[in-house]
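Trainee: What follows is my_file-v4.cif, mmCIF, C-alpha atoms.
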data_coords
loop_
_atom_site.label_atom_id
_atom_site.label_comp_id
_atom_site.auth_asym_id
_atom_site.auth_seq_id
_atom_site.Cartn_x
_atom_site.Cartn_y
_atom_site.Cartn_z
CA MET Y 1 155.04 -23.97 51.48
CA THR Y 2 156.48 -23.84 54.92
CA GLN Y 3 154.62 -20.70 55.85
CA ALA Y 4 151.22 -20.97 57.55
CA ALA Y 5 148.08 -19.93 55.68
CA PRO Y 6 147.23 -16.19 55.68
CA ALA Y 7 145.29 -14.90 58.68
CA ASN Y 8 142.11 -13.98 56.83
CA THR Y 9 141.14 -17.50 55.82
CA ALA Y 10 137.46 -16.73 56.41
CA GLU Y 11 137.26 -14.84 53.15
CA THR Y 12 137.94 -17.93 51.09
CA LEU Y 13 135.00 -19.83 52.58
CA PRO Y 14 131.95 -19.64 50.36
CA LEU Y 15 128.74 -18.36 51.96
CA ALA Y 16 125.77 -20.71 52.01
CA ASP Y 17 122.63 -19.81 50.06
CA GLY Y 18 118.91 -20.15 50.68
CA VAL Y 19 117.41 -20.96 54.06
CA GLN Y 20 120.66 -22.58 55.08
CA GLY Y 21 122.31 -19.24 54.37
CA ILE Y 22 119.95 -17.42 56.75
CA VAL Y 23 120.70 -19.87 59.54
CA ALA Y 24 124.43 -19.78 58.81
CA ASP Y 25 124.55 -15.96 58.69
CA TRP Y 26 122.60 -15.48 61.90
CA SER Y 27 124.37 -18.21 63.86
CA SER Y 28 127.85 -17.42 62.56
CA ASP Y 29 128.83 -15.69 65.82
CA GLN Y 30 130.14 -12.82 63.72
CA ARG Y 31 128.19 -10.06 62.03
CA ALA Y 32 124.84 -11.31 60.76
CA PHE Y 33 124.68 -9.14 57.64
CA LYS Y 34 127.42 -10.34 55.27
CA ASN Y 35 128.46 -8.51 52.11
CA VAL Y 36 126.76 -5.36 53.40
CA PRO Y 37 128.61 -2.39 54.88
CA TRP Y 38 127.78 -1.67 58.51
CA GLY Y 39 126.16 1.66 57.70
CA LYS Y 40 123.87 0.13 55.11
CA ALA Y 41 122.53 -2.52 57.49
CA MET Y 42 121.90 0.20 60.06
CA MET Y 43 120.08 2.38 57.52
CA TRP Y 44 117.85 -0.58 56.66
CA ILE Y 45 117.03 -1.07 60.34
CA PHE Y 46 116.28 2.64 60.73
CA LEU Y 47 114.00 2.45 57.70
CA LEU Y 48 112.22 -0.54 59.22
CA SER Y 49 111.46 1.52 62.34
CA ASP Y 50 110.38 4.46 60.19
CA THR Y 51 108.05 2.13 58.30
CA PHE Y 52 106.34 1.35 61.58
CA ILE Y 53 105.90 5.08 62.32
CA PHE Y 54 104.28 5.77 58.95
CA SER Y 55 102.21 2.61 59.19
CA SER Y 56 100.91 3.74 62.56
CA PHE Y 57 99.85 7.05 60.98
CA LEU Y 58 98.16 5.35 58.04
CA ILE Y 59 96.40 2.77 60.22
CA SER Y 60 95.19 5.53 62.59
CA TYR Y 61 93.89 7.36 59.53
CA MET Y 62 92.04 4.21 58.50
CA THR Y 63 90.59 3.90 62.01
CA VAL Y 64 89.27 7.47 62.16
CA ARG Y 65 87.95 7.30 58.61
CA MET Y 66 86.08 4.06 59.31
CA SER Y 67 84.64 5.24 62.61
CA THR Y 68 83.42 8.73 61.68
CA THR Y 69 79.67 9.19 61.20
CA GLU Y 70 80.21 12.31 59.04
CA PRO Y 71 80.88 11.86 55.30
CA TRP Y 72 84.58 11.90 54.41
CA PRO Y 73 85.56 14.77 52.06
CA ASN Y 74 86.15 13.49 48.51
CA PRO Y 75 89.92 13.86 47.94
CA SER Y 76 89.36 13.83 44.18
CA GLU Y 77 87.45 17.13 44.50
CA VAL Y 78 89.37 18.63 47.43
CA PHE Y 79 92.67 18.33 45.56
CA ALA Y 80 91.34 19.33 42.13
CA LEU Y 81 92.99 22.27 40.39
CA THR Y 82 91.54 24.54 37.74
CA LEU Y 83 93.95 24.60 34.80
CA PHE Y 84 93.19 26.34 31.50
CA GLY Y 85 89.63 26.96 32.70
CA LYS Y 86 89.05 23.26 33.34
CA SER Y 87 88.84 21.52 36.71
CA ILE Y 88 91.18 18.51 36.69
CA PRO Y 89 90.87 16.11 39.65
CA LEU Y 90 93.96 15.42 41.75
CA ILE Y 91 96.29 16.88 39.12
CA LEU Y 92 98.75 18.51 41.56
CA ILE Y 93 99.11 15.26 43.49
CA ALA Y 94 99.73 13.36 40.23
CA ILE Y 95 102.46 15.83 39.24
CA MET Y 96 104.01 15.53 42.72
CA THR Y 97 104.02 11.75 42.32
CA PHE Y 98 105.85 11.95 38.99
CA VAL Y 99 108.36 14.44 40.39
CA LEU Y 100 109.18 12.16 43.31
CA ILE Y 101 109.47 9.05 41.12
CA SER Y 102 111.80 10.90 38.78
CA SER Y 103 113.95 11.90 41.73
CA SER Y 104 114.13 8.22 42.70
CA GLY Y 105 115.32 7.36 39.20
CA THR Y 106 118.07 9.99 39.24
CA MET Y 107 119.07 8.85 42.74
CA ALA Y 108 119.46 5.23 41.63
CA MET Y 109 121.73 6.37 38.79
CA ALA Y 110 123.73 8.61 41.13
CA VAL Y 111 124.50 5.52 43.24
CA LYS Y 112 125.61 3.65 40.13
CA PHE Y 113 127.94 6.42 38.95
CA GLY Y 114 129.22 6.81 42.52
CA TYR Y 115 130.41 3.21 42.65
CA GLU Y 116 132.04 3.74 39.25
CA LYS Y 117 133.88 6.70 40.84
CA ASN Y 118 132.41 9.02 38.23
CA LYS Y 119 132.37 12.05 40.52
CA LYS Y 120 130.88 14.54 38.10
CA MET Y 121 127.89 12.45 36.97
CA SER Y 122 127.19 11.26 40.49
CA ALA Y 123 127.20 14.80 41.91
CA ILE Y 124 125.07 16.18 39.05
CA LEU Y 125 122.48 13.43 39.52
CA LEU Y 126 122.48 13.96 43.30
CA LEU Y 127 121.85 17.67 42.77
CA ILE Y 128 119.04 16.96 40.27
CA THR Y 129 117.53 14.62 42.88
CA ALA Y 130 117.75 17.37 45.49
CA ALA Y 131 116.16 19.89 43.10
CA LEU Y 132 113.27 17.53 42.36
CA GLY Y 133 112.83 16.93 46.09
CA ALA Y 134 112.74 20.68 46.73
CA THR Y 135 110.17 21.05 43.92
CA PHE Y 136 108.05 18.41 45.64
CA VAL Y 137 108.20 20.24 48.98
CA GLY Y 138 107.35 23.50 47.21
CA MET Y 139 104.24 21.99 45.65
CA GLN Y 140 103.27 20.55 49.00
CA ALA Y 141 103.58 24.01 50.58
CA PHE Y 142 101.31 25.33 47.80
CA GLU Y 143 98.81 22.57 48.51
CA TRP Y 144 98.82 23.27 52.26
CA THR Y 145 98.33 27.00 51.64
CA LYS Y 146 95.39 26.31 49.33
CA LEU Y 147 93.70 23.99 51.83
CA ILE Y 148 94.29 26.31 54.77
CA GLN Y 149 92.76 29.18 52.77
CA GLU Y 150 89.74 26.97 52.10
CA GLY Y 151 89.28 26.57 55.84
CA VAL Y 152 90.78 23.11 56.42
CA ARG Y 153 92.10 22.86 59.98
CA PRO Y 154 93.35 19.91 62.07
CA TRP Y 155 90.13 20.17 64.11
CA GLY Y 156 87.61 20.69 61.32
CA ASN Y 157 86.84 21.68 57.75
CA PRO Y 158 83.87 22.84 55.70
CA MET Y 159 83.77 19.71 53.48
CA GLY Y 160 82.89 16.98 55.97
CA ALA Y 161 84.45 14.81 58.67
CA ALA Y 162 86.66 16.79 61.05
CA GLN Y 163 89.27 14.02 61.12
CA PHE Y 164 90.20 14.74 57.49
CA GLY Y 165 92.32 17.75 58.45
CA SER Y 166 94.21 16.09 61.29
CA ALA Y 167 95.02 13.01 59.19
CA PHE Y 168 96.04 15.15 56.21
CA PHE Y 169 98.34 17.55 58.09
CA MET Y 170 99.89 14.82 60.20
CA ILE Y 171 100.66 12.37 57.39
CA THR Y 172 101.72 14.77 54.65
CA GLY Y 173 103.51 16.97 57.18
CA PHE Y 174 105.59 14.09 58.48
CA HIS Y 175 106.36 12.95 54.95
CA GLY Y 176 107.26 16.49 53.85
CA THR Y 177 109.65 16.74 56.80
CA HIS Y 178 111.34 13.56 55.64
CA VAL Y 179 111.69 14.96 52.11
CA SER Y 180 113.13 18.24 53.42
CA ILE Y 181 115.71 16.44 55.57
CA GLY Y 182 116.52 14.26 52.55
CA VAL Y 183 117.13 17.33 50.35
CA ILE Y 184 119.57 18.76 52.91
CA PHE Y 185 121.50 15.47 53.13
CA LEU Y 186 121.49 15.06 49.33
CA ILE Y 187 123.23 18.42 49.01
CA ILE Y 188 125.75 17.44 51.71
CA VAL Y 189 126.51 14.12 49.97
CA ALA Y 190 126.78 15.87 46.59
CA ILE Y 191 129.36 18.29 48.04
CA LYS Y 192 131.31 15.36 49.54
CA VAL Y 193 131.33 13.57 46.18
CA LEU Y 194 132.32 16.69 44.25
CA ARG Y 195 135.09 17.62 46.68
CA GLY Y 196 136.61 14.14 46.40
CA ASP Y 197 136.08 13.40 50.10
CA LEU Y 198 135.07 9.86 49.21
CA ASP Y 199 138.04 9.25 46.91
CA HIS Y 200 140.42 10.32 49.68
CA GLU Y 201 138.39 8.49 52.37
CA ARG Y 202 138.09 11.62 54.49
CA PRO Y 203 135.89 11.04 57.54
CA GLY Y 204 132.62 12.94 57.76
CA PHE Y 205 131.55 15.73 60.10
CA LEU Y 206 129.98 13.54 62.78
CA THR Y 207 132.04 10.39 62.45
CA GLY Y 208 135.58 9.07 62.47
CA ARG Y 209 134.77 6.42 59.88
CA LYS Y 210 136.39 6.71 56.47
CA GLY Y 211 134.26 8.21 53.74
CA LYS Y 212 133.40 5.71 51.01
CA TYR Y 213 131.06 5.62 48.03
CA GLU Y 214 128.73 3.37 49.99
CA ILE Y 215 127.39 6.53 51.70
CA VAL Y 216 125.83 7.49 48.36
CA GLU Y 217 123.98 4.18 48.34
CA ILE Y 218 122.95 4.63 51.99
CA MET Y 219 121.65 8.11 51.13
CA GLY Y 220 119.83 6.46 48.23
CA LEU Y 221 118.14 3.96 50.53
CA TYR Y 222 116.71 6.83 52.58
CA TRP Y 223 115.59 8.71 49.48
CA HIS Y 224 113.90 5.69 47.90
CA PHE Y 225 112.16 5.08 51.21
CA VAL Y 226 110.70 8.60 51.08
CA ASP Y 227 109.39 7.79 47.60
CA LEU Y 228 108.07 4.45 48.87
CA VAL Y 229 106.09 6.11 51.66
CA TRP Y 230 104.60 8.51 49.11
CA VAL Y 231 103.39 5.53 47.05
CA PHE Y 232 101.36 4.41 50.07
CA ILE Y 233 100.10 7.90 50.95
CA PHE Y 234 99.10 8.52 47.33
CA ALA Y 235 97.13 5.27 47.18
CA LEU Y 236 95.57 5.23 50.62
CA PHE Y 237 94.94 8.90 51.34
CA TYR Y 238 94.48 10.57 47.96
CA LEU Y 239 92.99 7.82 45.81
CA TRP Y 240 90.92 5.84 48.33
CA MET B 241 117.10 -9.26 35.77
CA ALA B 242 119.01 -12.36 36.69
CA HIS B 243 121.73 -11.51 34.18
CA ALA B 244 122.59 -8.37 36.15
CA GLN B 245 123.59 -10.54 39.05
CA GLY B 246 125.50 -13.05 37.00
CA GLN B 247 127.41 -10.43 35.07
CA GLN B 248 129.60 -9.16 37.87
CA PRO B 249 129.70 -11.83 40.56
CA ALA B 250 133.33 -11.11 41.34
CA ILE B 251 132.68 -7.46 42.05
CA ALA B 252 129.68 -8.16 44.28
CA ALA B 253 131.56 -10.84 46.18
CA HIS B 254 134.33 -8.44 47.10
CA ALA B 255 131.97 -6.04 48.85
CA GLN B 256 132.48 -3.41 46.17
CA GLY B 257 128.83 -2.54 46.56
CA GLN B 258 125.88 -2.86 44.25
CA GLN B 259 126.81 -2.35 40.59
CA HIS B 260 124.22 -2.95 37.95
CA PRO B 261 123.79 -1.77 34.34
CA ILE B 262 122.03 1.55 33.97
CA GLY B 263 119.36 0.01 31.72
CA ILE B 264 117.60 -1.75 34.57
CA TYR B 265 117.15 1.53 36.46
CA LEU B 266 115.75 3.26 33.38
CA LYS B 267 113.36 0.36 32.71
CA ILE B 268 112.08 0.36 36.29
CA TRP B 269 111.75 4.15 36.16
CA GLY B 270 109.58 3.84 33.06
CA LEU B 271 107.52 1.08 34.65
CA LEU B 272 106.92 3.23 37.75
CA PHE B 273 105.70 6.05 35.47
CA VAL B 274 103.28 3.69 33.74
CA LEU B 275 101.96 2.33 37.05
CA SER B 276 101.54 5.84 38.50
CA THR B 277 99.65 6.94 35.41
CA ALA B 278 97.46 3.85 35.72
CA SER B 279 96.61 4.56 39.35
CA TYR B 280 95.87 8.21 38.49
CA LEU B 281 93.54 7.06 35.71
CA VAL B 282 91.62 4.95 38.25
CA ASP B 283 90.61 8.25 39.85
CA TYR B 284 90.25 10.15 36.58
CA PHE B 285 87.74 7.66 35.16
CA HIS B 286 85.84 7.49 38.47
CA PHE B 287 86.07 3.74 39.02
CA GLN B 288 84.14 2.96 42.19
CA GLY B 289 83.67 0.17 44.70
CA TYR B 290 85.72 -3.03 44.83
CA LEU B 291 87.24 -2.53 41.37
CA ARG B 292 88.69 0.83 42.49
CA TRP B 293 90.11 -0.55 45.75
CA PHE B 294 91.51 -3.62 44.05
CA LEU B 295 93.26 -1.59 41.33
CA ILE B 296 94.62 0.95 43.82
CA ILE B 297 96.08 -1.77 46.05
CA VAL B 298 97.56 -3.73 43.12
CA PHE B 299 99.30 -0.69 41.58
CA MET B 300 100.50 0.42 45.02
CA LEU B 301 102.05 -2.96 45.85
CA LEU B 302 103.63 -3.31 42.40
CA LYS B 303 105.26 0.12 42.70
CA ALA B 304 106.44 -0.55 46.25
CA GLY B 305 107.85 -3.91 45.21
CA LEU B 306 109.77 -2.46 42.26
CA ILE B 307 111.27 0.33 44.37
CA VAL B 308 112.38 -2.00 47.16
CA ALA B 309 113.60 -4.81 44.89
CA VAL B 310 115.54 -2.80 42.29
CA PHE B 311 116.11 0.80 43.41
CA MET B 312 116.93 -0.28 46.96
CA HIS B 313 118.80 -3.37 45.64
CA MET B 314 116.92 -5.75 47.93
CA MET B 315 116.73 -8.50 45.28
CA TRP B 316 120.54 -8.70 45.22
CA GLU B 317 120.99 -8.81 48.99
CA ARG B 318 121.49 -11.95 51.04
CA LEU B 319 118.37 -13.63 52.41
CA ALA B 320 119.43 -12.90 56.00
CA LEU B 321 119.04 -9.14 55.44
CA MET B 322 115.94 -9.54 53.26
CA TYR B 323 114.09 -11.53 55.91
CA ALA B 324 115.29 -9.33 58.78
CA ILE B 325 113.71 -6.30 57.10
CA LEU B 326 110.66 -7.73 55.35
CA VAL B 327 109.29 -10.32 57.81
CA PRO B 328 108.71 -7.90 60.74
CA LEU B 329 106.41 -5.91 58.44
CA LEU B 330 103.89 -8.76 58.70
CA LEU B 331 103.27 -7.61 62.27
CA LEU B 332 101.56 -4.57 60.77
CA MET B 333 98.76 -6.86 59.63
CA VAL B 334 97.94 -7.43 63.31
CA LEU B 335 97.83 -3.67 63.95
CA LEU B 336 95.66 -3.28 60.85
CA GLY B 337 93.23 -5.90 62.15
CA ILE B 338 93.06 -4.36 65.62
CA GLY B 339 92.49 -0.92 64.07
CA ALA B 340 89.66 -2.18 61.88
CA LEU B 341 87.94 -3.98 64.80
CA GLU B 342 88.24 -0.92 67.01
CA ALA B 343 86.93 1.38 64.27
CA ASP B 344 83.89 -0.84 63.67
CA TYR B 345 83.13 -0.84 67.38
CA THR B 346 83.53 2.96 67.67
CA PHE B 347 81.28 3.46 64.63
CA PHE B 348 78.66 1.18 66.20
CA THR B 349 78.67 2.97 69.59
CA ARG B 350 78.54 6.36 67.85
CA GLY B 351 75.54 5.14 65.88
CA VAL B 352 73.79 4.06 69.08
CA PHE B 353 74.66 7.36 70.81
CA PHE B 354 73.39 9.60 68.01
CA LEU B 355 70.26 7.47 67.57
CA LYS B 356 69.42 7.93 71.27
CA GLY B 357 69.86 11.67 70.85
CA LEU B 358 67.23 11.65 68.12
CA LEU B 359 64.65 9.74 70.18
#
Could the structure of this file be written out as structure tokens, please?
Mentor:
Amino acid sequence: MTQAAPANTAETLPLADGVQGIVADWSSDQRAFKNVPWGKAMMWIFLLSDTFIFSSFLISYMTVRMSTTEPWPNPSEVFALTLFGKSIPLILIAIMTFVLISSSGTMAMAVKFGYEKNKKMSAILLLITAALGATFVGMQAFEWTKLIQEGVRPWGNPMGAAQFGSAFFMITGFHGTHVSIGVIFLIIVAIKVLRGDLDHERPGFLTGRKGKYEIVEIMGLYWHFVDLVWVFIFALFYLW
Amino acid sequence: MAHAQGQQPAIAAHAQGQQHPIGIYLKIWGLLFVLSTASYLVDYFHFQGYLRWFLIIVFMLLKAGLIVAVFMHMMWERLALMYAILVPLLLLMVLLGIGALEADYTFFTRGVFFLKGLL
């Protein structure tokens, strides 16, 4: 061979593993996050910041709940529903939890079919995910209506400590907003998949970057995060 | 779970994205259903005190771990990304501690204030 080696020799070098890999990746004087598309690393960093926002809400809720001298309303009773003439504790919240977990399952499979370039299955699963998300928001709207009719306000309620209302509306409201935004973006991504935008690498509405199936996975990261936050809200606000 | 990684090393290495068999998603989905049911039953059967808190926290962390590790593909990412995202979360423990200290102090001063009002 008289010709020099190809220009992209870096690709042939194996990446180190373990702790050595961390040091090598971060000190490589290139991009720190190897094997990950740029958008995915950025979504992870956004989710990290969002985690801090929700954690601040949940820790503030802990602080007000620990410091109030009034008794805290029992969530098991506040969120009970009467079904078939029987009062079942927390049943609506349990159903909402299952709906959101199911939407996470369909989302994970949508990502899988996306990478396999199975447009139809990916789009169908994305739309099912969006429908489940919309169902969740609908049930949350029902729950808010019920509580508001029972006299729960951000500044007080008939069941006990006044801080219950402010914590409830703030935390579930912020989470519901995240779900609603997620539903809108799920529909947008589903349309992109169905139209073949990602097969033809058409750039999106707000960007000049080529469309690729990794945006389905990035969408998935956001959606799973919404489910993840609900896991914490369910445990710490509703069950505690 | 390790077999999923070993099965398609070539694909993963060429930045084709995360491709794993559908079975692992369905299994984790089922597991999340079981864990959610379990945490609902903690409330349904009126467990109280430390047992309740312990069970709630355990089921919560297991669910969170499964979602992050499998659904969000964190277990197949390189350590550099894993640590960059997961280690900063430890800072929240500091905020949690400060919040608890502050709440205890507020509760104490409120107690003193309302007691004085009664006297």
Trainee: Within 7 Å of chain Y, which residues of chain B are there when counting all atoms listed in the file? Please give them as an MDAnalysis selection string.
Mentor: chainID B and resid 255 257 259 262 265 269 273 280 283:284 293 296 300 304 307 311:312 319:321 325 336 339:340 343:344 346:347
Trainee: Name the residues that the PyMOL selection byres ((chain Y and resi 71) around 9) pulls out of this structure, and write them as a list in words.
Mentor: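 Applying the PyMOL selection byres ((chain Y and resi 71) around 9) to the structure shown produces Thr68, Thr69, Glu70, Trp72, Pro73, Asn74, Met159, Gly160 and Ala161 of chain Y.
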Trainee: Just give me the gap between atom CA of Y:Pro154 and atom CA of Y:Phe79 in Å, one decimal is fine.
Mentor: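 Answer for the atom CA of Y:Pro154 to atom CA of Y:Phe79 separation: 16.6 Å.
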Trainee: One decimal, Å: what's the distance from atom CA of Y:Val189 over to atom CA of Y:Thr172, could you say?
Mentor: 25.2 Å
Trainee: Can you pull out the residues contacting Y:Ala141? Cut-off 12 Å, using all atoms listed in the file, and skip same-chain residues under 3 positions away; I want them as a VMD selection string.
Mentor: chain Y and resid 92 96 134 to 138 144 to 148 169 172 to 173 176 to 177 180
Trainee: Using C-alpha atoms, can you write the selected residues to a file as a compact mmCIF listing (two decimals), in the coordinates of the input?
Mentor:
# COMPACT_ATOMS: atom_id res chain seq x y z
CA LEU Y 92 98.75 18.51 41.56
CA MET Y 96 104.01 15.53 42.72
CA ALA Y 134 112.74 20.68 46.73
CA THR Y 135 110.17 21.05 43.92
CA PHE Y 136 108.05 18.41 45.64
CA VAL Y 137 108.20 20.24 48.98
CA GLY Y 138 107.35 23.50 47.21
CA TRP Y 144 98.82 23.27 52.26
CA THR Y 145 98.33 27.00 51.64
CA LYS Y 146 95.39 26.31 49.33
CA LEU Y 147 93.70 23.99 51.83
CA ILE Y 148 94.29 26.31 54.77
CA PHE Y 169 98.34 17.55 58.09
CA THR Y 172 101.72 14.77 54.65
CA GLY Y 173 103.51 16.97 57.18
CA GLY Y 176 107.26 16.49 53.85
CA THR Y 177 109.65 16.74 56.80
CA SER Y 180 113.13 18.24 53.42
Trainee: Starting from the incomplete input, reconstruct N, CA and C atoms of stretch 332-355 of chain B and report them as a PDB file, keeping the file's coordinate frame.
Mentor:
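Below is the file result-v7.pdb, written as the result:
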ATOM      1  N   LEU B 332     102.474  -5.684  61.020  1.00  0.00           N
ATOM      2  CA  LEU B 332     101.560  -4.570  60.770  1.00  0.00           C
ATOM      3  C   LEU B 332     100.154  -5.065  60.449  1.00  0.00           C
ATOM      4  N   MET B 333     100.073  -6.299  59.918  1.00  0.00           N
ATOM      5  CA  MET B 333      98.760  -6.860  59.630  1.00  0.00           C
ATOM      6  C   MET B 333      97.949  -6.989  60.916  1.00  0.00           C
ATOM      7  N   VAL B 334      98.626  -7.316  62.021  1.00  0.00           N
ATOM      8  CA  VAL B 334      97.940  -7.430  63.310  1.00  0.00           C
ATOM      9  C   VAL B 334      97.401  -6.062  63.726  1.00  0.00           C
ATOM     10  N   LEU B 335      98.259  -5.018  63.599  1.00  0.00           N
ATOM     11  CA  LEU B 335      97.830  -3.670  63.950  1.00  0.00           C
ATOM     12  C   LEU B 335      96.654  -3.236  63.077  1.00  0.00           C
ATOM     13  N   LEU B 336      96.736  -3.608  61.793  1.00  0.00           N
ATOM     14  CA  LEU B 336      95.660  -3.280  60.850  1.00  0.00           C
ATOM     15  C   LEU B 336      94.348  -3.918  61.302  1.00  0.00           C
ATOM     16  N   GLY B 337      94.425  -5.193  61.700  1.00  0.00           N
ATOM     17  CA  GLY B 337      93.230  -5.900  62.150  1.00  0.00           C
ATOM     18  C   GLY B 337      92.653  -5.286  63.408  1.00  0.00           C
ATOM     19  N   ILE B 338      93.531  -4.969  64.370  1.00  0.00           N
ATOM     20  CA  ILE B 338      93.060  -4.360  65.620  1.00  0.00           C
ATOM     21  C   ILE B 338      92.393  -3.018  65.318  1.00  0.00           C
ATOM     22  N   GLY B 339      93.038  -2.225  64.432  1.00  0.00           N
ATOM     23  CA  GLY B 339      92.490  -0.920  64.070  1.00  0.00           C
ATOM     24  C   GLY B 339      91.107  -1.040  63.449  1.00  0.00           C
ATOM     25  N   ALA B 340      90.945  -2.016  62.560  1.00  0.00           N
ATOM     26  CA  ALA B 340      89.660  -2.180  61.880  1.00  0.00           C
ATOM     27  C   ALA B 340      88.572  -2.598  62.876  1.00  0.00           C
ATOM     28  N   LEU B 341      88.905  -3.543  63.783  1.00  0.00           N
ATOM     29  CA  LEU B 341      87.940  -3.980  64.800  1.00  0.00           C
ATOM     30  C   LEU B 341      87.504  -2.814  65.670  1.00  0.00           C
ATOM     31  N   GLU B 342      88.493  -2.046  66.120  1.00  0.00           N
ATOM     32  CA  GLU B 342      88.240  -0.920  67.010  1.00  0.00           C
ATOM     33  C   GLU B 342      87.366   0.123  66.303  1.00  0.00           C
ATOM     34  N   ALA B 343      87.674   0.372  65.011  1.00  0.00           N
ATOM     35  CA  ALA B 343      86.930   1.380  64.270  1.00  0.00           C
ATOM     36  C   ALA B 343      85.471   0.949  64.101  1.00  0.00           C
ATOM     37  N   ASP B 344      85.261  -0.328  63.817  1.00  0.00           N
ATOM     38  CA  ASP B 344      83.890  -0.840  63.670  1.00  0.00           C
ATOM     39  C   ASP B 344      83.121  -0.650  64.974  1.00  0.00           C
ATOM     40  N   TYR B 345      83.790  -0.954  66.079  1.00  0.00           N
ATOM     41  CA  TYR B 345      83.130  -0.840  67.380  1.00  0.00           C
ATOM     42  C   TYR B 345      82.799   0.622  67.677  1.00  0.00           C
ATOM     43  N   THR B 346      83.757   1.536  67.420  1.00  0.00           N
ATOM     44  CA  THR B 346      83.530   2.960  67.670  1.00  0.00           C
ATOM     45  C   THR B 346      82.362   3.466  66.816  1.00  0.00           C
ATOM     46  N   PHE B 347      82.347   3.034  65.544  1.00  0.00           N
ATOM     47  CA  PHE B 347      81.280   3.460  64.630  1.00  0.00           C
ATOM     48  C   PHE B 347      79.927   2.985  65.165  1.00  0.00           C
ATOM     49  N   PHE B 348      79.897   1.746  65.660  1.00  0.00           N
ATOM     50  CA  PHE B 348      78.660   1.180  66.200  1.00  0.00           C
ATOM     51  C   PHE B 348      78.178   1.981  67.416  1.00  0.00           C
ATOM     52  N   THR B 349      79.100   2.247  68.373  1.00  0.00           N
ATOM     53  CA  THR B 349      78.670   2.970  69.590  1.00  0.00           C
ATOM     54  C   THR B 349      78.263   4.394  69.243  1.00  0.00           C
ATOM     55  N   ARG B 350      78.942   5.015  68.277  1.00  0.00           N
ATOM     56  CA  ARG B 350      78.540   6.360  67.850  1.00  0.00           C
ATOM     57  C   ARG B 350      77.132   6.325  67.262  1.00  0.00           C
ATOM     58  N   GLY B 351      76.873   5.292  66.469  1.00  0.00           N
ATOM     59  CA  GLY B 351      75.540   5.140  65.880  1.00  0.00           C
ATOM     60  C   GLY B 351      74.485   5.048  66.968  1.00  0.00           C
ATOM     61  N   VAL B 352      74.736   4.223  67.979  1.00  0.00           N
ATOM     62  CA  VAL B 352      73.790   4.060  69.080  1.00  0.00           C
ATOM     63  C   VAL B 352      73.602   5.384  69.801  1.00  0.00           C
ATOM     64  N   PHE B 353      74.708   6.100  70.059  1.00  0.00           N
ATOM     65  CA  PHE B 353      74.660   7.360  70.810  1.00  0.00           C
ATOM     66  C   PHE B 353      73.822   8.402  70.070  1.00  0.00           C
ATOM     67  N   PHE B 354      74.110   8.560  68.765  1.00  0.00           N
ATOM     68  CA  PHE B 354      73.390   9.600  68.010  1.00  0.00           C
ATOM     69  C   PHE B 354      71.929   9.226  67.815  1.00  0.00           C
ATOM     70  N   LEU B 355      71.646   7.915  67.711  1.00  0.00           N
ATOM     71  CA  LEU B 355      70.260   7.470  67.570  1.00  0.00           C
ATOM     72  C   LEU B 355      69.472   7.802  68.829  1.00  0.00           C
TER      73      LEU B 355
END
